[in-house]
file coords00.txt (compact mmCIF, C-alpha atoms)
# COMPACT_ATOMS: atom_id res chain seq x y z
CA MET A 205 32.72 19.81 -3.05
CA GLU A 206 30.96 16.64 -4.24
CA PRO A 207 27.36 17.24 -5.35
CA MET A 208 24.74 15.89 -2.94
CA ILE A 209 22.52 13.45 -4.81
CA HIS A 210 19.08 12.72 -3.43
CA ALA A 211 16.01 11.10 -4.89
CA ILE A 212 13.05 13.48 -5.08
CA ILE A 213 9.45 12.78 -6.01
CA SER A 214 8.82 14.97 -9.03
CA ALA A 215 5.28 13.86 -9.86
CA THR A 216 2.53 11.50 -8.71
CA GLY A 217 -0.63 9.93 -10.09
CA SER A 218 -3.33 7.54 -8.99
CA TYR A 219 -6.30 5.56 -10.20
CA ILE A 220 -9.26 5.30 -7.82
CA PRO A 221 -11.88 2.87 -9.19
CA ASN A 222 -15.35 4.16 -9.95
CA GLN A 223 -17.33 1.48 -8.14
CA ALA A 224 -18.01 2.41 -4.51
CA ILE A 225 -19.16 -0.71 -2.68
CA PRO A 226 -20.95 0.09 0.62
CA ASN A 227 -20.99 -2.23 3.63
CA SER A 228 -24.63 -2.96 2.92
CA ALA A 229 -23.52 -4.94 -0.15
CA PHE A 230 -22.49 -7.75 2.23
CA LEU A 231 -25.81 -8.06 4.06
CA ASP A 232 -26.79 -11.17 2.09
CA SER A 233 -23.35 -12.84 2.30
CA SER A 234 -22.90 -16.30 3.84
CA PHE A 235 -19.98 -16.11 6.27
CA TYR A 236 -18.16 -19.09 7.78
CA ASP A 237 -15.43 -19.47 10.42
CA ARG A 238 -12.04 -21.14 9.80
CA ASP A 239 -13.50 -24.54 10.67
CA GLY A 240 -16.15 -24.27 7.98
CA ARG A 241 -19.04 -23.55 10.34
CA PRO A 242 -21.60 -20.84 9.47
CA LEU A 243 -21.32 -17.77 11.69
CA ASN A 244 -24.30 -17.62 14.04
CA GLN A 245 -24.48 -13.83 14.26
CA PRO A 246 -26.67 -11.74 11.94
CA ASN A 247 -24.77 -10.04 9.15
CA GLU A 248 -25.82 -6.59 10.38
CA LYS A 249 -23.89 -7.22 13.60
CA ILE A 250 -20.88 -8.71 11.80
CA ILE A 251 -20.66 -5.76 9.43
CA LYS A 252 -21.09 -3.20 12.23
CA LYS A 253 -18.27 -4.78 14.23
CA LEU A 254 -15.93 -4.82 11.22
CA GLN A 255 -16.69 -1.16 10.51
CA GLU A 256 -15.92 -0.23 14.13
CA ILE A 257 -12.54 -2.00 13.94
CA THR A 258 -11.40 -1.08 10.44
CA GLY A 259 -13.20 2.22 9.90
CA ILE A 260 -14.29 1.00 6.46
CA ARG A 261 -17.72 2.20 5.32
CA GLU A 262 -17.15 1.49 1.64
CA ARG A 263 -14.40 0.27 -0.66
CA ARG A 264 -13.54 0.70 -4.35
CA TYR A 265 -13.64 -2.06 -6.99
CA VAL A 266 -12.48 -1.90 -10.60
CA ASP A 267 -14.91 -2.45 -13.46
CA ASP A 268 -15.07 -5.98 -14.88
CA GLU A 269 -12.99 -5.22 -17.97
CA LEU A 270 -10.02 -3.83 -16.00
CA CYS A 271 -7.03 -5.64 -14.49
CA THR A 272 -4.05 -4.64 -12.37
CA SER A 273 -1.91 -3.78 -15.41
CA ASP A 274 -4.64 -1.45 -16.73
CA ILE A 275 -4.97 0.63 -13.58
CA ALA A 276 -1.18 0.61 -13.10
CA TYR A 277 -0.93 2.11 -16.57
CA TYR A 278 -3.58 4.76 -15.82
CA ALA A 279 -1.76 5.84 -12.65
CA ALA A 280 1.52 5.93 -14.59
CA VAL A 281 0.08 8.14 -17.32
CA GLU A 282 -1.17 10.64 -14.75
CA ALA A 283 2.17 10.67 -12.93
CA LEU A 284 4.26 11.03 -16.08
CA GLY A 285 2.26 13.89 -17.60
CA ASP A 286 4.55 15.57 -20.14
CA THR A 287 7.67 13.75 -18.90
CA ASP A 288 9.77 12.19 -21.67
CA ARG A 289 8.90 8.53 -21.21
CA GLU A 290 12.03 7.40 -23.03
CA SER A 291 14.10 9.01 -20.26
CA LEU A 292 12.95 6.48 -17.66
CA ASP A 293 15.74 4.23 -16.43
CA TYR A 294 13.47 1.86 -14.50
CA ILE A 295 9.80 1.00 -14.16
CA ILE A 296 9.15 -0.81 -10.89
CA VAL A 297 5.66 -2.17 -10.23
CA ALA A 298 4.66 -3.47 -6.82
CA HIS A 299 1.76 -5.92 -6.73
CA ASN A 300 1.11 -9.41 -5.38
CA PHE A 301 -1.16 -11.21 -7.79
CA GLY A 302 -0.62 -9.83 -11.28
CA ASP A 303 -3.59 -9.66 -13.62
CA VAL A 304 -6.66 -11.56 -12.42
CA ARG A 305 -9.62 -11.52 -14.77
CA SER A 306 -13.13 -10.85 -13.52
CA GLY A 307 -14.97 -14.00 -12.48
CA GLY A 308 -11.88 -16.05 -11.65
CA THR A 309 -8.89 -16.33 -9.34
CA ARG A 310 -6.22 -17.40 -11.82
CA VAL A 311 -3.09 -15.28 -11.48
CA ASP A 312 -1.36 -14.02 -14.65
CA GLN A 313 2.14 -12.58 -14.11
CA VAL A 314 3.94 -13.38 -17.39
CA PRO A 315 5.07 -11.04 -18.78
CA THR A 316 5.55 -8.87 -15.72
CA ILE A 317 3.06 -6.11 -14.97
CA ALA A 318 5.95 -3.65 -15.37
CA SER A 319 6.63 -4.93 -18.91
CA ARG A 320 2.94 -4.63 -19.72
CA VAL A 321 2.94 -1.04 -18.48
CA LYS A 322 6.07 -0.24 -20.49
CA HIS A 323 4.41 -1.73 -23.56
CA ARG A 324 1.27 0.36 -23.03
CA LEU A 325 3.39 3.49 -22.54
CA GLY A 326 5.06 2.82 -25.90
CA ILE A 327 8.60 3.14 -24.52
CA ASN A 328 11.20 1.99 -27.09
CA ASN A 329 14.30 2.54 -24.93
CA PRO A 330 15.62 -1.01 -24.21
CA TYR A 331 17.59 0.30 -21.23
CA CYS A 332 14.41 1.29 -19.45
CA VAL A 333 14.33 -1.81 -17.28
CA ALA A 334 10.89 -2.99 -16.15
CA TYR A 335 10.33 -5.43 -13.31
CA ASP A 336 7.90 -6.33 -10.54
CA ILE A 337 8.13 -6.52 -6.75
CA PRO A 338 5.95 -9.01 -4.84
CA PHE A 339 6.63 -7.74 -1.31
CA GLY A 340 3.21 -7.73 0.32
CA CYS A 341 1.54 -4.43 1.17
CA PRO A 342 4.91 -2.65 1.68
CA GLY A 343 5.78 -3.29 -2.00
CA TRP A 344 5.41 0.26 -3.33
CA LEU A 345 7.49 1.68 -0.49
CA GLN A 346 10.14 -0.97 -1.13
CA GLY A 347 10.13 0.09 -4.78
CA MET A 348 10.79 3.66 -3.67
CA ILE A 349 13.67 2.43 -1.51
CA MET A 350 15.16 0.55 -4.44
CA ALA A 351 14.76 3.64 -6.65
CA ASP A 352 16.67 5.63 -4.03
CA TYR A 353 19.53 3.13 -4.10
CA TYR A 354 19.68 3.31 -7.89
CA ILE A 355 19.69 7.10 -7.93
CA ARG A 356 22.28 7.43 -5.17
CA SER A 357 24.59 5.16 -7.21
CA GLY A 358 24.83 7.95 -9.78
CA ASP A 359 23.93 5.65 -12.68
CA VAL A 360 20.21 6.40 -12.73
CA GLN A 361 18.32 9.65 -13.25
CA ARG A 362 14.63 8.77 -13.31
CA VAL A 363 12.48 5.90 -12.00
CA LEU A 364 8.74 5.26 -12.18
CA VAL A 365 7.43 3.38 -9.13
CA ILE A 366 3.88 2.01 -9.23
CA GLY A 367 1.73 0.17 -6.71
CA ALA A 368 -1.37 -1.52 -8.12
CA GLU A 369 -3.71 -4.25 -6.94
CA THR A 370 -7.17 -5.72 -7.60
CA LEU A 371 -7.85 -7.57 -4.36
CA SER A 372 -11.57 -7.75 -5.18
CA ARG A 373 -10.73 -10.67 -7.46
CA LEU A 374 -9.00 -12.75 -4.79
CA TYR A 375 -10.97 -12.51 -1.60
CA ASP A 376 -13.04 -15.35 -0.17
CA PRO A 377 -16.67 -14.12 -0.18
CA HIS A 378 -17.36 -16.41 2.80
CA ASP A 379 -14.61 -14.88 4.96
CA VAL A 380 -15.53 -11.79 7.01
CA ASP A 381 -12.15 -10.29 6.06
CA CYS A 382 -13.39 -10.00 2.47
CA MET A 383 -14.94 -6.66 3.42
CA ILE A 384 -11.49 -5.14 4.01
CA TYR A 385 -10.07 -5.56 0.52
CA ALA A 386 -10.20 -3.05 -2.30
CA ASP A 387 -8.65 -2.10 -5.64
CA GLY A 388 -6.51 0.85 -6.71
CA ALA A 389 -3.24 2.11 -8.16
CA GLY A 390 -0.77 4.87 -7.41
CA ALA A 391 2.48 5.98 -9.00
CA ALA A 392 5.41 8.29 -8.39
CA VAL A 393 8.19 9.59 -10.62
CA VAL A 394 11.46 9.66 -8.68
CA GLU A 395 14.35 11.76 -10.00
CA SER A 396 17.95 12.55 -9.17
CA ALA A 397 18.54 16.02 -7.77
CA ASP A 398 21.45 17.95 -6.28
CA THR A 399 19.74 18.78 -2.99
CA ASP A 400 19.62 17.85 0.67
CA HIS A 401 15.86 17.24 0.38
CA GLY A 402 14.03 14.19 -0.95
CA ILE A 403 14.46 10.67 0.42
CA ILE A 404 16.60 11.01 3.54
CA SER A 405 16.58 7.52 5.05
CA HIS A 406 14.82 4.18 4.99
CA VAL A 407 14.70 0.90 6.89
CA SER A 408 13.30 -2.50 5.85
CA ARG A 409 12.97 -5.81 7.64
CA THR A 410 11.48 -9.28 7.11
CA ASP A 411 10.39 -11.45 10.05
CA ALA A 412 9.90 -14.83 8.41
CA VAL A 413 10.90 -17.34 11.10
CA ASP A 414 7.79 -16.92 13.24
CA HIS A 415 5.57 -14.68 11.11
CA ALA A 416 5.91 -15.75 7.45
CA TYR A 417 2.41 -17.22 7.21
CA LEU A 418 0.34 -14.65 9.06
CA LEU A 419 -0.84 -13.65 5.58
CA LYS A 420 -1.10 -16.40 2.99
CA MET A 421 -3.28 -18.03 0.34
CA GLY A 422 -5.76 -20.72 1.31
CA PRO A 423 -9.05 -22.40 0.40
CA SER A 424 -12.45 -20.87 1.07
CA TYR A 425 -13.96 -21.15 4.54
CA ASN A 426 -17.05 -22.52 2.78
CA PRO A 427 -16.57 -26.31 2.78
CA GLY A 428 -18.66 -26.52 -0.37
CA LYS A 429 -16.15 -24.54 -2.44
CA PRO A 430 -13.46 -26.35 -4.50
CA CYS A 431 -10.24 -26.76 -2.46
CA GLU A 432 -8.00 -25.91 -5.43
CA GLU A 433 -9.29 -22.33 -5.48
CA LEU A 434 -7.08 -20.17 -3.26
CA PHE A 435 -7.98 -16.87 -1.62
CA ILE A 436 -6.29 -14.30 0.64
CA LYS A 437 -6.22 -15.48 4.24
CA MET A 438 -4.86 -13.70 7.28
CA HIS A 439 -4.49 -14.15 11.02
CA GLY A 440 -5.80 -10.70 11.88
CA HIS A 441 -5.18 -10.69 15.64
CA ASP A 442 -1.60 -11.93 15.26
CA ILE A 443 -0.90 -9.36 12.53
CA TYR A 444 -2.31 -6.63 14.77
CA ARG A 445 -0.03 -7.60 17.68
CA TYR A 446 2.99 -7.86 15.40
CA ALA A 447 2.33 -4.56 13.61
CA ILE A 448 1.71 -2.34 16.64
CA LYS A 449 4.97 -3.55 18.16
CA THR A 450 7.20 -3.62 15.08
CA VAL A 451 6.13 -0.69 12.89
CA PRO A 452 6.78 2.03 15.54
CA LEU A 453 10.26 0.58 16.16
CA VAL A 454 11.10 0.69 12.45
CA ILE A 455 9.82 4.27 12.15
CA ARG A 456 11.94 5.35 15.11
CA GLN A 457 14.98 3.58 13.65
CA CYS A 458 14.38 5.37 10.34
CA LEU A 459 14.09 8.78 12.04
CA GLU A 460 17.27 8.17 14.02
CA LYS A 461 19.04 7.20 10.81
CA ALA A 462 17.92 10.55 9.34
CA GLY A 463 19.07 12.44 12.42
CA LEU A 464 15.53 13.64 13.10
CA ARG A 465 13.15 13.62 16.05
CA LEU A 466 9.48 12.78 16.06
CA GLU A 467 8.63 16.44 16.65
CA ASP A 468 10.33 17.23 13.30
CA VAL A 469 7.69 15.17 11.46
CA ASN A 470 4.73 16.86 9.78
CA LYS A 471 2.97 13.75 8.46
CA VAL A 472 3.02 10.06 9.33
CA ILE A 473 1.69 8.29 6.23
CA VAL A 474 0.88 4.69 7.11
CA HIS A 475 -0.43 1.91 4.87
CA GLN A 476 -4.22 1.93 5.09
CA ALA A 477 -4.69 -1.55 6.52
CA ASN A 478 -7.12 -0.94 9.36
CA GLU A 479 -8.06 2.33 11.07
CA LYS A 480 -7.77 0.98 14.61
CA LEU A 481 -4.43 -0.66 13.75
CA ASP A 482 -3.01 2.54 12.26
CA GLN A 483 -4.14 4.57 15.26
CA ALA A 484 -2.50 2.05 17.60
CA ILE A 485 0.74 2.23 15.59
CA LEU A 486 0.72 6.03 15.89
CA LYS A 487 -0.05 5.90 19.62
CA ASN A 488 2.78 3.44 20.26
CA LEU A 489 5.16 5.54 18.17
CA PHE A 490 4.48 8.59 20.33
CA SER A 491 4.80 6.43 23.45
CA LEU A 492 8.29 5.38 22.33
CA TYR A 493 9.29 9.04 22.43
CA GLY A 494 7.47 9.61 25.71
CA PHE A 495 5.33 12.55 24.73
CA GLY A 496 1.91 13.61 23.46
CA PRO A 497 -0.76 14.59 22.73
CA ILE A 498 -0.81 13.36 19.14
CA PRO A 499 -1.51 16.15 16.61
CA GLU A 500 -4.92 15.59 15.04
CA THR A 501 -3.75 16.15 11.48
CA ILE A 502 -0.49 14.19 11.55
CA MET A 503 -1.89 10.94 10.08
CA PRO A 504 -4.00 11.24 6.90
CA MET A 505 -6.56 8.47 6.35
CA MET A 506 -8.70 7.39 3.42
CA ILE A 507 -9.58 3.82 4.38
CA SER A 508 -13.16 4.78 5.33
CA TRP A 509 -14.12 5.27 1.68
CA ALA A 510 -11.34 3.48 -0.23
CA GLY A 511 -10.73 0.29 1.76
CA ASN A 512 -7.42 -1.56 1.82
CA SER A 513 -5.88 -1.67 -1.66
CA SER A 514 -2.56 -3.09 -0.42
CA VAL A 515 0.41 -1.58 -2.31
CA ALA A 516 -1.77 1.21 -3.71
CA THR A 517 -2.71 2.89 -0.43
CA LEU A 518 0.52 4.82 0.17
CA PRO A 519 1.03 6.23 -3.34
CA THR A 520 -2.66 7.08 -3.61
CA LEU A 521 -2.58 8.90 -0.27
CA LEU A 522 0.53 10.79 -1.35
CA ASP A 523 -1.02 11.79 -4.67
CA LEU A 524 -4.18 13.08 -2.98
CA ILE A 525 -2.19 15.03 -0.39
CA LEU A 526 0.15 16.65 -2.92
CA LYS A 527 -2.82 17.66 -5.06
CA GLU A 528 -4.68 18.92 -1.95
CA LYS A 529 -7.59 16.54 -2.53
CA LEU A 530 -7.60 14.91 0.91
CA ASP A 531 -9.44 16.90 3.56
CA ASP A 532 -7.14 19.64 4.91
CA HIS A 533 -3.92 17.65 4.51
CA GLN A 534 -1.03 19.17 2.62
CA LEU A 535 2.76 19.00 2.41
CA ASN A 536 4.85 22.14 1.87
CA SER A 537 8.50 22.71 1.02
CA GLY A 538 10.70 21.64 3.93
CA ASP A 539 8.03 19.48 5.55
CA VAL A 540 9.04 16.01 6.71
CA ALA A 541 6.86 12.99 5.99
CA VAL A 542 7.44 9.48 7.31
CA PHE A 543 6.02 6.60 5.27
CA ALA A 544 5.53 3.15 6.79
CA SER A 545 3.93 -0.12 5.80
CA VAL A 546 3.48 -3.68 7.03
CA GLY A 547 2.31 -6.78 5.22
CA ALA A 548 2.83 -10.33 4.02
CA GLY A 549 6.24 -11.77 4.68
CA MET A 550 5.99 -10.40 7.31
CA ASN A 551 7.62 -7.31 5.85
CA VAL A 552 7.89 -3.87 7.42
CA ASN A 553 9.52 -0.76 5.99
CA ALA A 554 9.70 2.98 6.60
CA MET A 555 11.04 6.00 4.70
CA VAL A 556 11.74 9.59 5.72
CA TYR A 557 11.12 12.20 3.04
CA ARG A 558 11.76 15.95 3.16
CA MET A 559 9.71 17.97 0.71
CA PRO A 560 11.81 19.92 -1.86
call {"tool": "encode", "arguments": {"input": "coords00.txt", "output": "structure tokens"}}
result
Amino acid sequence: MEPMIHAIISATGSYIPNQAIPNSAFLDSSFYDRDGRPLNQPNEKIIKKLQEITGIRERRYVDDELCTSDIAYYAAVEALGDTDRESLDYIIVAHNFGDVRSGGTRVDQVPTIASRVKHRLGINNPYCVAYDIPFGCPGWLQGMIMADYYIRSGDVQRVLVIGAETLSRLYDPHDVDCMIYADGAGAAVVESADTDHGIISHVSRTDAVDHAYLLKMGPSYNPGKPCEELFIKMHGHDIYRYAIKTVPLVIRQCLEKAGLRLEDVNKVIVHQANEKLDQAILKNLFSLYGFGPIPETIMPMMISWAGNSSVATLPTLLDLILKEKLDDHQLNSGDVAVFASVGAGMNVNAMVYRMP
């Protein structure tokens, strides 16, 4: 009988920045609307409303001397541990902006962040291929999906997948949405194993005809800022409507592909974009299956203290869960976890994983 090859997660690591930035740090900010008009509400009210919607009380920023490639490397080192680094077949790094130095918005992506990480790791093996994925917030999960394809081909044994971002360098300080963004990095080592556990199924989609520019780069809302400086901009309400409709459908499609039911799932691990959004996604997912109530511990969250670090949220959540550092959340052998993310593109993906 042919051996059953699956991709399993053998180790994880993460880098959570030291700087905890509370909501009160934005009390003296000058916020404008999209038309360049100052918001006429007091900042206390603006901040309170954002906290109620997103659940964010504080977020994490990297120190001034650090960039995306640095924290990607730190997460990689923790994930690799005593693993023979020369045995890696691929290093895949998901990010969206490369290295951005403190005090500026200039993007630096040459060489790739993956090549920079490989250099820092001191890997001599030329057949350890290093490349980046700019895929919006679902980038790390897409890297995991690509690693699964490589491993199932039989040609690859071990892949390092990293998600790292420093969004604190690219937000518009005059846009209320600036309070959502954060920094962080997470990594996973994915290996080939003769087992029926590991990555069971995955689904990805891109809706670009009508939704490509819901998240994009644009000038500051402050009309006094130089127009050539570009910052992260998003149509939050449109993204919300798109996500709560699309993400549950992709998760259900992924479960059906795996031959599983929603009641087989122990954890639903969703990109930490917005607490209210994630709760709505979960509610709509259960509605698709026509049952409830929703188990209280099925969806782990860390956005309240970590903010939205884009590609880093999923691998960081996974690392904290596996190391039993996130509340009472844990994953045991045989448990089923569903990962899902949504972001710029608009891209959506999901993955079903059974714990070895």
call {"tool": "atom_distance", "arguments": {"input": "coords00.txt", "atom1": "atom CA of Leu364 of chain A", "atom2": "atom CA of Ile295 of chain A"}}
result
4.8 Å
call {"tool": "atom_distance", "arguments": {"input": "coords00.txt", "atom1": "atom CA of Gly259 of chain A", "atom2": "atom CA of Gly388 of chain A"}}
result
18.0 Å
call {"tool": "residues_around", "arguments": {"input": "coords00.txt", "residues": "segment 306-317 of chain A", "least_positions_apart": "5", "cutoff": "9 Å", "atoms": "all atoms listed in the file", "output": "JSON, numbers by chain"}}
result
{"A": [267, 268, 269, 270, 271, 272, 273, 276, 297, 298, 299, 301, 322, 334, 335, 336, 373, 374, 375, 433, 434, 435]}
call {"tool": "atom_distance", "arguments": {"input": "coords00.txt", "atom1": "atom CA of His401 of chain A", "atom2": "atom CA of Gly367 of chain A"}}
result
23.3 Å
call {"tool": "closest_residue", "arguments": {"input": "coords00.txt", "among": "A:Ala412, A:Val360, A:Val454, A:Cys341", "to": "Gly547 of chain A", "atoms": "only C-alpha atoms"}}
result
A:Cys341
call {"tool": "residues_around", "arguments": {"input": "coords00.txt", "residues": "segment 239-249 of chain A", "least_positions_apart": "4", "cutoff": "7 Å", "atoms": "only C-alpha atoms", "output": "ChimeraX atom specification"}}
result
/A:231,235,253,425-427
call {"tool": "residues_around", "arguments": {"input": "coords00.txt", "residues": "segment 461-471 of chain A", "least_positions_apart": "5", "cutoff": "8 Å", "atoms": "all atoms listed in the file", "output": "list in words"}}
result
Ile404, Ser405, His406, Arg456, Phe490, Tyr493, Thr501, Ile502, Met503, Pro504, Leu535, Asp539, Val540, Ala541, Val542 and Val556 of chain A
call {"tool": "residues_around", "arguments": {"input": "coords00.txt", "residues": "Lys420 of chain A", "least_positions_apart": "2", "cutoff": "7 Å", "atoms": "all atoms listed in the file", "output": "PDB file with C-alpha atoms, keeping the file's coordinate frame"}}
result
ATOM      1  CA  TYR A 417       2.410 -17.220   7.210  1.00  0.00           C
ATOM      2  CA  LEU A 418       0.340 -14.650   9.060  1.00  0.00           C
ATOM      3  CA  GLY A 422      -5.760 -20.720   1.310  1.00  0.00           C
ATOM      4  CA  ILE A 436      -6.290 -14.300   0.640  1.00  0.00           C
ATOM      5  CA  LYS A 437      -6.220 -15.480   4.240  1.00  0.00           C
ATOM      6  CA  MET A 438      -4.860 -13.700   7.280  1.00  0.00           C
TER       7      MET A 438
END
call {"tool": "residues_near_point", "arguments": {"input": "coords00.txt", "point": "(3.1, 1.0, 10.6)", "cutoff": "12 Å", "atoms": "only C-alpha atoms", "output": "PDB file with C-alpha atoms, in the frame of the given file"}}
result
ATOM      1  CA  CYS A 341       1.540  -4.430   1.170  1.00  0.00           C
ATOM      2  CA  PRO A 342       4.910  -2.650   1.680  1.00  0.00           C
ATOM      3  CA  LEU A 345       7.490   1.680  -0.490  1.00  0.00           C
ATOM      4  CA  SER A 408      13.300  -2.500   5.850  1.00  0.00           C
ATOM      5  CA  ILE A 443      -0.900  -9.360  12.530  1.00  0.00           C
ATOM      6  CA  TYR A 444      -2.310  -6.630  14.770  1.00  0.00           C
ATOM      7  CA  ARG A 445      -0.030  -7.600  17.680  1.00  0.00           C
ATOM      8  CA  TYR A 446       2.990  -7.860  15.400  1.00  0.00           C
ATOM      9  CA  ALA A 447       2.330  -4.560  13.610  1.00  0.00           C
ATOM     10  CA  ILE A 448       1.710  -2.340  16.640  1.00  0.00           C
ATOM     11  CA  LYS A 449       4.970  -3.550  18.160  1.00  0.00           C
ATOM     12  CA  THR A 450       7.200  -3.620  15.080  1.00  0.00           C
ATOM     13  CA  VAL A 451       6.130  -0.690  12.890  1.00  0.00           C
ATOM     14  CA  PRO A 452       6.780   2.030  15.540  1.00  0.00           C
ATOM     15  CA  LEU A 453      10.260   0.580  16.160  1.00  0.00           C
ATOM     16  CA  VAL A 454      11.100   0.690  12.450  1.00  0.00           C
ATOM     17  CA  ILE A 455       9.820   4.270  12.150  1.00  0.00           C
ATOM     18  CA  ARG A 456      11.940   5.350  15.110  1.00  0.00           C
ATOM     19  CA  VAL A 472       3.020  10.060   9.330  1.00  0.00           C
ATOM     20  CA  ILE A 473       1.690   8.290   6.230  1.00  0.00           C
ATOM     21  CA  VAL A 474       0.880   4.690   7.110  1.00  0.00           C
ATOM     22  CA  HIS A 475      -0.430   1.910   4.870  1.00  0.00           C
ATOM     23  CA  GLN A 476      -4.220   1.930   5.090  1.00  0.00           C
ATOM     24  CA  ALA A 477      -4.690  -1.550   6.520  1.00  0.00           C
ATOM     25  CA  ASN A 478      -7.120  -0.940   9.360  1.00  0.00           C
ATOM     26  CA  GLU A 479      -8.060   2.330  11.070  1.00  0.00           C
ATOM     27  CA  LYS A 480      -7.770   0.980  14.610  1.00  0.00           C
ATOM     28  CA  LEU A 481      -4.430  -0.660  13.750  1.00  0.00           C
ATOM     29  CA  ASP A 482      -3.010   2.540  12.260  1.00  0.00           C
ATOM     30  CA  GLN A 483      -4.140   4.570  15.260  1.00  0.00           C
ATOM     31  CA  ALA A 484      -2.500   2.050  17.600  1.00  0.00           C
ATOM     32  CA  ILE A 485       0.740   2.230  15.590  1.00  0.00           C
ATOM     33  CA  LEU A 486       0.720   6.030  15.890  1.00  0.00           C
ATOM     34  CA  LYS A 487      -0.050   5.900  19.620  1.00  0.00           C
ATOM     35  CA  ASN A 488       2.780   3.440  20.260  1.00  0.00           C
ATOM     36  CA  LEU A 489       5.160   5.540  18.170  1.00  0.00           C
ATOM     37  CA  MET A 503      -1.890  10.940  10.080  1.00  0.00           C
ATOM     38  CA  LEU A 518       0.520   4.820   0.170  1.00  0.00           C
ATOM     39  CA  VAL A 542       7.440   9.480   7.310  1.00  0.00           C
ATOM     40  CA  PHE A 543       6.020   6.600   5.270  1.00  0.00           C
ATOM     41  CA  ALA A 544       5.530   3.150   6.790  1.00  0.00           C
ATOM     42  CA  SER A 545       3.930  -0.120   5.800  1.00  0.00           C
ATOM     43  CA  VAL A 546       3.480  -3.680   7.030  1.00  0.00           C
ATOM     44  CA  GLY A 547       2.310  -6.780   5.220  1.00  0.00           C
ATOM     45  CA  ASN A 551       7.620  -7.310   5.850  1.00  0.00           C
ATOM     46  CA  VAL A 552       7.890  -3.870   7.420  1.00  0.00           C
ATOM     47  CA  ASN A 553       9.520  -0.760   5.990  1.00  0.00           C
ATOM     48  CA  ALA A 554       9.700   2.980   6.600  1.00  0.00           C
ATOM     49  CA  MET A 555      11.040   6.000   4.700  1.00  0.00           C
TER      50      MET A 555
END
call {"tool": "residues_around", "arguments": {"input": "coords00.txt", "residues": "Leu292 of chain A", "least_positions_apart": "4", "cutoff": "8 Å", "atoms": "all atoms listed in the file", "output": "MDAnalysis selection string"}}
result
chainID A and resid 288 332 361:364
call {"tool": "closest_residue", "arguments": {"input": "coords00.txt", "among": "A:Asp232, A:Asp303, A:Glu282, A:Asp381", "to": "Thr216 of chain A", "atoms": "all atoms listed in the file"}}
result
A:Glu282
call {"tool": "closest_residue", "arguments": {"input": "coords00.txt", "among": "A:Ala386, A:Val380, A:Ala510, A:Ile212", "to": "His439 of chain A", "atoms": "only C-alpha atoms"}}
result
A:Val380
call {"tool": "residues_near_point", "arguments": {"input": "coords00.txt", "point": "(14.6, 2.4, -4.7)", "cutoff": "10 Å", "atoms": "all atoms listed in the file", "output": "list in words"}}
result
Ala211, Tyr294, Ile296, Trp344, Leu345, Gln346, Gly347, Met348, Ile349, Met350, Ala351, Asp352, Tyr353, Tyr354, Ile355, Arg356, Val363, Leu364, Val365, Val394, Ile403 and His406 of chain A
